[in-house]
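Structure first, then comments.
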Amino acid sequence: MRAIRTLGGPAPRRWRRIGVGLVGLLVAGLVASCSFAMAKPAPAPAAGPLITITNFTFQGDLTVRPGVTVTVRNADRVMHTLTAVDGSFTTPTIQPGTSATFKAPTAIGRYDITCNFHPSMAGILTVTATPPTTTPSPTTTPRPTTSHGH
Ligand SMILES: [Cu+2]
């Protein structure tokens, strides 16, 4: 039962060589996977609200908080803008496949939006102090104190 001894002298050297080969393969694999991971562009997480223009319509986060920076992505093959009908805010021209930003109004309200190039495009940007993600609590309207005195 001394099988190990019968393998003799050359065995350790051979094993070492195989080990080096394995390490080499491992390193090559790591490098390959690393460069592969680096080649993939990391999608930058949208920090704020994102509106997408697709098929000549405004979609996405059309309810925003006052004064936030809104990113507008143009998914169409033509240029667009997101422009307030009253002219209070606008993006620059957004080339196809790119994005631009605008600053939402600080005043709460509903704003008609359109596109400088396509006046038929219509949407509404709602500016509200309530974050769109939270469920709106039932509005407790303060009742006017009516005097019961005669
Ligand atoms: Cu347009």
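A note on labels: chains of the structure tokens are A, B, ... as shown, every chain counts residues from 1, and ligands are counted from 1 in their shown order.
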Let me see if you get this right: every residue at most 7 Å from ligand 1, counting only C-alpha atoms and all ligand atoms, written as a PyMOL selection string. chain A and resi 56+79-81+115-118+121
As a PyMOL selection string, please: the residues near region 62-72 of chain A (cut-off 9 Å, only C-alpha atoms, same-chain neighbours under 5 positions excluded). chain A and resi 46-53+81-82+91+94+98-108+123-132
Since we have the selection now, will you write its residues out, keeping C-alpha atoms, as a PDB file, in the first residue's frame?
```pdb
ATOM      1  CA  ALA A  46     -30.530  57.914 -13.793  1.00  0.00           C
ATOM      2  CA  ALA A  47     -30.204  60.094 -10.747  1.00  0.00           C
ATOM      3  CA  GLY A  48     -33.408  61.991 -11.346  1.00  0.00           C
ATOM      4  CA  PRO A  49     -36.615  61.617 -13.288  1.00  0.00           C
ATOM      5  CA  LEU A  50     -36.360  60.364 -16.840  1.00  0.00           C
ATOM      6  CA  ILE A  51     -38.734  61.238 -19.646  1.00  0.00           C
ATOM      7  CA  THR A  52     -38.413  59.354 -22.897  1.00  0.00           C
ATOM      8  CA  ILE A  53     -39.645  60.666 -26.210  1.00  0.00           C
ATOM      9  CA  THR A  81     -37.198  69.115 -27.689  1.00  0.00           C
ATOM     10  CA  LEU A  82     -39.256  69.099 -24.542  1.00  0.00           C
ATOM     11  CA  THR A  91     -34.406  71.327 -23.262  1.00  0.00           C
ATOM     12  CA  ILE A  94     -32.075  66.562 -28.477  1.00  0.00           C
ATOM     13  CA  THR A  98     -29.210  61.180 -27.070  1.00  0.00           C
ATOM     14  CA  SER A  99     -30.400  62.894 -23.924  1.00  0.00           C
ATOM     15  CA  ALA A 100     -30.670  66.379 -22.570  1.00  0.00           C
ATOM     16  CA  THR A 101     -31.884  67.879 -19.343  1.00  0.00           C
ATOM     17  CA  PHE A 102     -34.058  70.712 -18.185  1.00  0.00           C
ATOM     18  CA  LYS A 103     -34.877  72.104 -14.797  1.00  0.00           C
ATOM     19  CA  ALA A 104     -38.434  71.609 -13.665  1.00  0.00           C
ATOM     20  CA  PRO A 105     -40.344  74.701 -12.544  1.00  0.00           C
ATOM     21  CA  THR A 106     -40.271  75.438  -8.855  1.00  0.00           C
ATOM     22  CA  ALA A 107     -43.945  76.335  -8.849  1.00  0.00           C
ATOM     23  CA  ILE A 108     -46.339  73.453  -8.372  1.00  0.00           C
ATOM     24  CA  GLY A 123     -47.944  66.351 -23.045  1.00  0.00           C
ATOM     25  CA  ILE A 124     -48.360  67.527 -19.506  1.00  0.00           C
ATOM     26  CA  LEU A 125     -45.613  67.848 -16.951  1.00  0.00           C
ATOM     27  CA  THR A 126     -46.998  67.760 -13.446  1.00  0.00           C
ATOM     28  CA  VAL A 127     -44.929  69.431 -10.769  1.00  0.00           C
ATOM     29  CA  THR A 128     -45.899  68.320  -7.311  1.00  0.00           C
ATOM     30  CA  ALA A 129     -44.289  68.448  -3.901  1.00  0.00           C
ATOM     31  CA  THR A 130     -45.363  64.882  -3.246  1.00  0.00           C
ATOM     32  CA  PRO A 131     -42.827  62.387  -4.504  1.00  0.00           C
ATOM     33  CA  PRO A 132     -44.444  60.356  -7.267  1.00  0.00           C
TER      34      PRO A 132
END
```
Figure out the distance between CA of Ala75 (chain A) and CA of Gly109 (chain A), please, to one decimal in Å.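 The value is 26.8 Å.
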Rounded to one decimal, what separation in Å do you get between CA of Pro119 (chain A) and CA of Ala84 (chain A)? 11.2 Å
Enter the distance from CA of Asp112 (chain A) to CA of Arg77 (chain A), in Å, rounded to one decimal. 23.4 Å
Using DSSP assignments from the backbone, pull out every residue in region 39-90 of chain A that falls under strand (DSSP E) and give it to me as number ranges by chain. A: 50-54, 57-60, 63-64, 69-74, 83-84
Using the selection just defined, write its residues with C-alpha atoms as a short mmCIF file (atom, residue, chain, number, x, y, z; two decimals), in the first residue's frame.
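The result, stored in part_7.cif:
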```cif
data_model
loop_
_atom_site.label_atom_id
_atom_site.label_comp_id
_atom_site.auth_asym_id
_atom_site.auth_seq_id
_atom_site.Cartn_x
_atom_site.Cartn_y
_atom_site.Cartn_z
CA LEU A 50 -36.36 60.36 -16.84
CA ILE A 51 -38.73 61.24 -19.65
CA THR A 52 -38.41 59.35 -22.90
CA ILE A 53 -39.65 60.67 -26.21
CA THR A 54 -40.64 57.75 -28.36
CA THR A 57 -44.91 61.03 -27.42
CA PHE A 58 -43.63 62.02 -23.99
CA GLN A 59 -43.40 59.01 -21.72
CA GLY A 60 -41.97 58.22 -18.32
CA THR A 63 -44.72 63.87 -12.55
CA VAL A 64 -41.73 65.49 -10.91
CA THR A 69 -33.26 68.23 -13.09
CA VAL A 70 -35.19 66.06 -15.51
CA THR A 71 -33.41 63.98 -18.12
CA VAL A 72 -35.13 63.67 -21.49
CA ARG A 73 -34.08 60.81 -23.74
CA ASN A 74 -34.89 60.96 -27.42
CA THR A 83 -40.53 72.63 -24.29
CA ALA A 84 -43.07 74.30 -22.09
#
```
